[in-house]
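Peer 1: Structure file start_1.txt (compact mmCIF, C-alpha atoms) right here:
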```txt
# COMPACT_ATOMS: atom_id res chain seq x y z
CA MET A 1 -12.41 7.80 35.48
CA PRO A 2 -9.64 9.84 37.14
CA MET A 3 -6.37 9.33 35.39
CA ALA A 4 -4.68 8.58 38.73
CA LEU A 5 -6.65 5.36 39.03
CA LEU A 6 -5.26 3.88 35.83
CA SER A 7 -2.54 1.28 36.23
CA HIS A 8 -1.05 2.13 32.83
CA ARG A 9 0.66 5.38 31.98
CA VAL A 10 -1.35 6.72 29.09
CA ILE A 11 -2.07 9.90 27.20
CA PHE A 12 -5.31 10.73 25.40
CA VAL A 13 -4.67 12.93 22.37
CA ALA A 14 -5.83 13.84 18.92
CA THR A 15 -3.67 11.72 16.64
CA SER A 16 -2.09 12.62 13.33
CA LEU A 17 -1.70 9.75 10.89
CA PHE A 18 0.74 9.18 8.10
CA ASN A 19 -0.13 10.12 4.56
CA CYS A 20 0.41 7.25 2.11
CA ASN A 21 -1.68 8.92 -0.58
CA ALA A 22 -2.52 12.54 0.14
CA ALA A 23 -5.33 12.61 -2.39
CA ALA A 24 -7.00 9.67 -0.65
CA LEU A 25 -7.18 11.30 2.76
CA GLN A 26 -10.68 12.32 3.75
CA THR A 27 -11.81 14.26 6.78
CA PRO A 28 -14.05 11.97 8.85
CA ARG A 29 -17.54 13.20 9.59
CA ARG A 30 -19.79 12.48 12.51
CA ARG A 31 -22.85 10.94 10.99
CA ASN A 32 -25.71 9.32 12.87
CA CYS A 33 -23.41 8.84 15.87
CA ILE A 34 -25.30 8.32 19.10
CA SER A 35 -24.37 8.50 22.75
CA LEU A 36 -20.95 9.97 22.05
CA ARG A 37 -19.77 10.66 25.57
CA GLU A 38 -16.92 13.13 26.01
CA LYS A 39 -15.83 12.26 29.55
CA GLN A 40 -12.44 11.33 28.12
CA PRO A 41 -10.81 13.62 25.54
CA TYR A 42 -11.26 11.36 22.53
CA HIS A 43 -10.86 13.21 19.25
CA THR A 44 -11.75 12.53 15.65
CA THR A 45 -8.65 11.80 13.58
CA ARG A 46 -7.72 11.56 9.92
CA PRO A 47 -7.45 7.87 8.99
CA LEU A 48 -4.70 6.48 6.79
CA HIS A 49 -6.21 5.26 3.52
CA MET A 50 -4.30 2.78 1.38
CA THR A 51 -5.39 1.63 -2.05
CA ALA A 52 -3.70 0.79 -5.33
CA GLU A 53 -4.10 3.48 -7.97
CA SER A 54 -7.14 2.76 -10.11
CA VAL A 55 -9.63 4.39 -12.39
CA GLY A 56 -13.33 3.69 -12.22
CA ALA A 57 -15.72 2.63 -9.51
CA LYS A 58 -15.05 3.39 -5.88
CA LYS A 59 -13.47 0.45 -4.05
CA PRO A 60 -15.18 -1.22 -1.08
CA LYS A 61 -13.74 0.10 2.17
CA ILE A 62 -12.24 -2.13 4.87
CA LEU A 63 -11.62 -0.70 8.34
CA CYS A 64 -8.27 -1.94 9.72
CA LEU A 65 -7.65 -2.04 13.49
CA HIS A 66 -4.21 -2.58 15.02
CA GLY A 67 -3.30 -4.47 18.17
CA LYS A 68 -2.24 -3.07 21.52
CA PHE A 69 1.29 -1.60 21.48
CA GLN A 70 0.92 -0.91 17.75
CA ASN A 71 -0.52 2.00 15.79
CA ALA A 72 -2.05 2.47 12.34
CA ALA A 73 1.23 2.96 10.47
CA LEU A 74 3.03 0.12 12.27
CA PHE A 75 0.19 -2.32 11.64
CA ALA A 76 0.06 -1.34 7.97
CA ASN A 77 3.79 -2.04 7.71
CA LYS A 78 3.59 -5.31 9.65
CA ILE A 79 1.07 -6.74 7.20
CA ALA A 80 2.66 -5.19 4.11
CA GLY A 81 2.50 -8.39 2.07
CA ALA A 82 -1.19 -8.90 2.74
CA ARG A 83 -1.88 -5.17 2.52
CA ARG A 84 -0.54 -4.82 -1.00
CA LYS A 85 -2.70 -7.68 -2.27
CA LEU A 86 -5.82 -6.44 -0.48
CA ALA A 87 -5.28 -2.88 -1.74
CA ARG A 88 -5.68 -4.07 -5.32
CA GLU A 89 -9.36 -4.68 -4.68
CA TYR A 90 -10.23 -2.68 -1.57
CA GLU A 91 -9.61 0.64 0.11
CA LEU A 92 -7.91 -0.05 3.43
CA CYS A 93 -8.59 2.46 6.18
CA PHE A 94 -6.11 2.17 9.07
CA ILE A 95 -6.92 4.19 12.19
CA ASP A 96 -4.97 4.83 15.38
CA GLY A 97 -6.29 3.73 18.74
CA PRO A 98 -7.21 6.67 21.00
CA ILE A 99 -4.85 5.82 23.87
CA ILE A 100 -1.13 6.60 23.62
CA LEU A 101 1.01 4.30 25.77
CA GLU A 102 4.11 5.79 27.36
CA GLU A 103 5.74 2.37 27.61
CA GLY A 104 6.04 -0.29 24.94
CA PHE A 105 5.48 -4.02 25.37
CA ASN A 106 7.40 -5.29 28.44
CA GLY A 107 8.49 -1.73 29.21
CA VAL A 108 10.43 -1.22 25.99
CA PRO A 109 11.12 2.51 25.34
CA VAL A 110 8.71 3.98 22.83
CA ASP A 111 9.08 6.02 19.68
CA THR A 112 7.76 9.38 20.84
CA VAL A 113 7.08 10.47 17.26
CA ASN A 114 5.04 7.39 16.41
CA PRO A 115 4.14 5.91 19.82
CA PRO A 116 2.30 2.65 20.55
CA ARG A 117 -1.41 2.82 21.19
CA SER A 118 -4.27 0.89 22.67
CA TRP A 119 -8.05 0.72 22.29
CA TRP A 120 -8.81 0.05 25.96
CA LEU A 121 -6.96 -0.82 29.17
CA ARG A 122 -7.08 -3.31 32.00
CA SER A 123 -8.33 -2.12 35.37
CA GLU A 124 -5.85 -1.59 38.20
CA ASP A 125 -6.55 -5.04 39.64
CA GLY A 126 -6.23 -6.66 36.20
CA GLN A 127 -9.64 -8.31 36.46
CA THR A 128 -11.66 -6.17 34.06
CA HIS A 129 -11.19 -3.88 31.07
CA THR A 130 -11.88 -0.15 31.09
CA LEU A 131 -12.72 2.45 28.43
CA VAL A 132 -14.25 -0.23 26.21
CA ARG A 133 -17.40 1.63 25.22
CA GLU A 134 -15.32 4.71 24.51
CA ALA A 135 -13.17 2.63 22.16
CA LEU A 136 -16.23 1.38 20.28
CA GLU A 137 -17.64 4.89 19.91
CA TYR A 138 -14.27 6.28 18.88
CA ALA A 139 -13.83 3.69 16.12
CA ILE A 140 -17.39 4.21 14.90
CA ARG A 141 -17.01 7.92 14.36
CA GLN A 142 -13.79 7.75 12.34
CA ASN A 143 -15.62 7.05 9.07
CA ASP A 144 -19.06 7.42 7.55
CA ARG A 145 -20.71 4.32 8.97
CA GLU A 146 -22.40 3.46 5.68
CA ASP A 147 -19.03 3.22 3.88
CA ILE A 148 -17.53 0.33 5.85
CA ILE A 149 -18.21 -3.07 4.29
CA ALA A 150 -15.66 -5.16 6.23
CA ILE A 151 -13.41 -4.93 9.27
CA LEU A 152 -9.96 -6.47 9.67
CA GLY A 153 -8.36 -6.53 13.11
CA PHE A 154 -5.34 -7.92 14.92
CA SER A 155 -5.19 -8.90 18.60
CA GLN A 156 -7.08 -6.27 20.64
CA GLY A 157 -8.15 -4.72 17.33
CA GLY A 158 -9.66 -8.06 16.30
CA THR A 159 -11.72 -8.20 19.48
CA LEU A 160 -12.86 -4.65 18.76
CA ALA A 161 -13.72 -5.64 15.17
CA SER A 162 -15.97 -8.45 16.41
CA ALA A 163 -17.67 -6.18 18.92
CA LEU A 164 -18.25 -3.50 16.28
CA ALA A 165 -20.00 -6.09 14.11
CA LEU A 166 -22.35 -6.88 17.00
CA SER A 167 -23.00 -3.22 17.80
CA GLY A 168 -25.03 -2.60 14.65
CA ALA A 169 -23.07 0.57 13.95
CA PHE A 170 -22.19 -0.29 10.36
CA PRO A 171 -25.37 -1.01 8.37
CA ASN A 172 -23.53 -2.28 5.27
CA LEU A 173 -21.02 -4.50 7.05
CA LYS A 174 -20.64 -7.84 5.27
CA CYS A 175 -17.82 -9.64 7.08
CA VAL A 176 -15.02 -9.51 9.67
CA VAL A 177 -11.50 -10.99 9.73
CA THR A 178 -9.40 -11.24 12.90
CA ALA A 179 -6.05 -12.72 13.93
CA GLY A 180 -4.71 -13.40 17.41
CA ALA A 181 -7.77 -11.83 19.01
CA PRO A 182 -8.85 -12.77 22.55
CA PHE A 183 -12.38 -12.95 23.89
CA VAL A 184 -13.12 -9.91 26.10
CA ALA A 185 -16.51 -10.07 27.81
CA GLU A 186 -16.76 -6.32 28.34
CA ALA A 187 -16.47 -5.67 24.60
CA PHE A 188 -19.50 -7.85 23.93
CA GLU A 189 -21.45 -6.30 26.80
CA LYS A 190 -20.86 -2.76 25.50
CA ALA A 191 -21.65 -3.86 21.94
CA ALA A 192 -25.02 -5.16 23.13
CA ILE A 193 -25.80 -1.80 24.75
CA LEU A 194 -24.88 0.09 21.59
CA ALA A 195 -26.98 -2.29 19.50
CA GLU A 196 -30.01 -1.40 21.61
CA GLU A 197 -29.34 2.30 21.06
CA TYR A 198 -28.81 1.93 17.31
CA SER A 199 -32.06 -0.02 17.05
CA THR A 200 -33.87 3.32 17.07
CA LEU A 201 -32.45 4.06 13.61
CA ASP A 202 -34.37 3.13 10.47
CA TYR A 203 -32.02 0.92 8.48
CA LEU A 204 -33.01 -2.36 10.18
CA GLU A 205 -35.67 -3.76 7.88
CA ASN A 206 -36.69 -6.74 10.02
CA LYS A 207 -37.73 -5.27 13.36
CA SER A 208 -38.41 -8.72 14.82
CA ILE A 209 -34.70 -9.34 15.38
CA SER A 210 -32.18 -7.22 17.24
CA LEU A 211 -29.17 -5.51 15.72
CA TYR A 212 -27.01 -7.68 17.99
CA ASP A 213 -28.55 -10.79 16.41
CA VAL A 214 -27.96 -9.30 12.97
CA GLY A 215 -24.31 -8.89 13.97
CA LEU A 216 -24.12 -12.52 15.07
CA ARG A 217 -25.08 -13.52 11.52
CA ILE A 218 -22.32 -11.51 9.85
CA PRO A 219 -19.65 -13.97 8.57
CA LYS A 220 -16.39 -13.87 10.49
CA LEU A 221 -12.98 -15.46 9.94
CA HIS A 222 -10.88 -15.87 13.08
CA MET A 223 -7.24 -16.99 12.89
CA ALA A 224 -5.22 -18.18 15.88
CA GLY A 225 -1.53 -19.09 16.09
CA GLU A 226 -0.68 -22.43 17.65
CA ASN A 227 2.58 -20.86 18.89
CA ASP A 228 0.96 -17.65 20.15
CA ALA A 229 2.48 -16.94 23.57
CA LEU A 230 0.25 -13.91 24.23
CA VAL A 231 -3.28 -14.98 23.25
CA ASP A 232 -4.29 -18.56 23.94
CA VAL A 233 -5.83 -20.42 21.01
CA GLU A 234 -8.85 -21.26 23.19
CA SER A 235 -9.49 -17.57 23.86
CA THR A 236 -9.72 -16.91 20.12
CA ARG A 237 -11.89 -20.02 19.74
CA SER A 238 -14.20 -18.59 22.40
CA LEU A 239 -14.31 -15.29 20.51
CA SER A 240 -15.25 -17.16 17.34
CA GLU A 241 -18.06 -19.05 19.07
CA LYS A 242 -19.53 -16.08 20.93
CA ALA A 243 -19.30 -13.62 18.01
CA GLY A 244 -21.42 -15.89 15.81
CA SER A 245 -21.06 -17.19 12.24
CA GLY A 246 -17.36 -17.78 12.72
CA THR A 247 -14.85 -19.78 10.71
CA PHE A 248 -11.97 -20.72 13.01
CA ILE A 249 -8.49 -21.42 11.65
CA VAL A 250 -5.33 -22.35 13.57
CA HIS A 251 -2.08 -21.54 11.77
CA GLU A 252 1.42 -22.69 12.62
CA GLN A 253 2.82 -19.28 13.63
CA GLY A 254 2.66 -17.10 16.73
CA HIS A 255 1.07 -13.79 17.72
CA LEU A 256 0.79 -12.05 14.36
CA PHE A 257 -1.48 -11.37 11.44
CA PRO A 258 -0.43 -14.07 8.94
CA THR A 259 1.14 -12.76 5.75
CA ARG A 260 2.27 -16.02 4.19
CA SER A 261 0.83 -16.51 0.73
CA ALA A 262 -1.56 -19.36 1.57
CA ARG A 263 -3.09 -17.54 4.55
CA VAL A 264 -3.41 -14.26 2.66
CA GLN A 265 -5.22 -16.15 -0.09
CA GLU A 266 -7.67 -17.51 2.50
CA VAL A 267 -8.41 -13.94 3.57
CA LEU A 268 -8.79 -12.79 -0.05
CA ASP A 269 -11.12 -15.72 -0.81
CA PHE A 270 -13.18 -14.96 2.31
CA PHE A 271 -13.59 -11.31 1.33
CA GLU A 272 -14.45 -12.27 -2.24
CA ARG A 273 -17.17 -14.67 -1.09
CA HIS A 274 -18.81 -12.20 1.22
CA ILE A 275 -18.13 -8.84 -0.44
CA VAL A 276 -17.70 -9.31 -4.17
CA ASN A 277 -20.00 -12.27 -4.79
CA LYS A 278 -22.74 -11.38 -2.34
```
Translate this structure into structure tokens?

Peer 2:
Amino acid sequence: MPMALLSHRVIFVATSLFNCNAAALQTPRRRNCISLREKQPYHTTRPLHMTAESVGAKKPKILCLHGKFQNAALFANKIAGARRKLAREYELCFIDGPIILEEGFNGVPVDTVNPPRSWWLRSEDGQTHTLVREALEYAIRQNDREDIIAILGFSQGGTLASALALSGAFPNLKCVVTAGAPFVAEAFEKAAILAEEYSTLDYLENKSISLYDVGLRIPKLHMAGENDALVDVESTRSLSEKAGSGTFIVHEQGHLFPTRSARVQEVLDFFERHIVNK
């Protein structure tokens, strides 16, 4: 798509992420990635890994996806309370979206050193979403696919998390958690296409069902804010219903990833049920 046709001012670049623990940074590898189209200059980046210091077995890895107008470091800071508790048991891998936005939310000036990002955009007429498949493929190739056992996403990142579960890209994925995430039809459509392509790989034991159907059976926890002025509760409810196997919770706050103790405990309990005890 020619850049002139985009209604948003954006830049596509290779991102550099912030080092919380230099020893934990790993160079991502392309592994079993399929149909990686390079029409847009998407680039592999170095994810930000966060985990409490520990000795012993490798921790399960959770892929963390920020919302539009955020980035990996900002999202990690926004959910600091939840992040610290999760990092005791899991390795959290925060990645930047591939699209740099030159304007912040409502036109607010941006931090040029650590600018806001997006996973995909709306079309010029506002009726559809563009660059959705590219976003899925970009997120998939940031880590070894076999390493990811859960995905946590906020807002647009939560929609992406649900679509990634349906794509069949992560063979060991056990569960998904989202907050303030809207239903986006194009994300599900592109996930279905990727699931068909990944079906040629060997890790699906039961060939009588599709990878998309396997994704529908992956447990998901979707949280919506009753005071969310950006994403309607019913849009998140629709996401929960269409993504399959969803637990839907409405909290009393707005457009955010809940970090109050009770809500964080619900997330921890959900992960424990489906990761630790499974």

Peer 1: Please indicate the distance in Å from atom CA of Gly180 of chain A to atom CA of Tyr198 of chain A, rounded to one decimal place.

Peer 2: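 If I compute the distance from atom CA of Gly180 of chain A to atom CA of Tyr198 of chain A, I get 28.6 Å.
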
Peer 1: Smallest atom-to-atom distance to Ile100 of chain A: which of A:Asn172, A:Gln70, A:Gln127, A:Ser261, using all atoms listed in the file?

Peer 2: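 Smallest separation from Ile100 of chain A among the options: A:Gln70.
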
Peer 1: Any idea what the distance is between atom CA of Lys59 of chain A and atom CA of Pro219 of chain A?

Peer 2: 20.1 Å

Peer 1: From the options A:Val250, A:Ile140, A:Val264, A:Leu74, which residue's atoms come nearest to Ala161 of chain A, counting only C-alpha atoms?

Peer 2: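 Looking at the shortest contact to Ala161 of chain A, the residue is A:Ile140.
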
Peer 1: Counting only C-alpha atoms, which residues of segment 133-191 of chain A sit at most 8 Å from some atom of segment 213-218 of chain A, and what is each one's closest atom pair with its distance in Å to one decimal, listed by chain and rising residue number, as JSON lines?

Peer 2:
```
{"residue": "A:Ala165", "atom": "CA", "partner": "A:Gly215", "partner_atom": "CA", "distance": 5.1}
{"residue": "A:Leu166", "atom": "CA", "partner": "A:Gly215", "partner_atom": "CA", "distance": 4.1}
{"residue": "A:Ser167", "atom": "CA", "partner": "A:Gly215", "partner_atom": "CA", "distance": 7.0}
{"residue": "A:Gly168", "atom": "CA", "partner": "A:Gly215", "partner_atom": "CA", "distance": 6.4}
{"residue": "A:Leu173", "atom": "CA", "partner": "A:Ile218", "partner_atom": "CA", "distance": 7.7}
{"residue": "A:Lys174", "atom": "CA", "partner": "A:Ile218", "partner_atom": "CA", "distance": 6.1}
{"residue": "A:Cys175", "atom": "CA", "partner": "A:Ile218", "partner_atom": "CA", "distance": 5.6}
{"residue": "A:Val176", "atom": "CA", "partner": "A:Ile218", "partner_atom": "CA", "distance": 7.6}
```

Peer 1: Got a sec: who's within 8 Å of Ala179 of chain A, counting all atoms listed in the file, leaving out chain neighbours fewer than 2 positions off, as a VMD selection string?

Peer 2: chain A and resid 153 to 155 158 177 181 222 to 224 256 to 258

Peer 1: Quote the spacing between atom CA of Glu252 of chain A and atom CA of Gln265 of chain A in Å to one decimal place.

Peer 2: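 Calculated distance between atom CA of Glu252 of chain A and atom CA of Gln265 of chain A is 15.8 Å.
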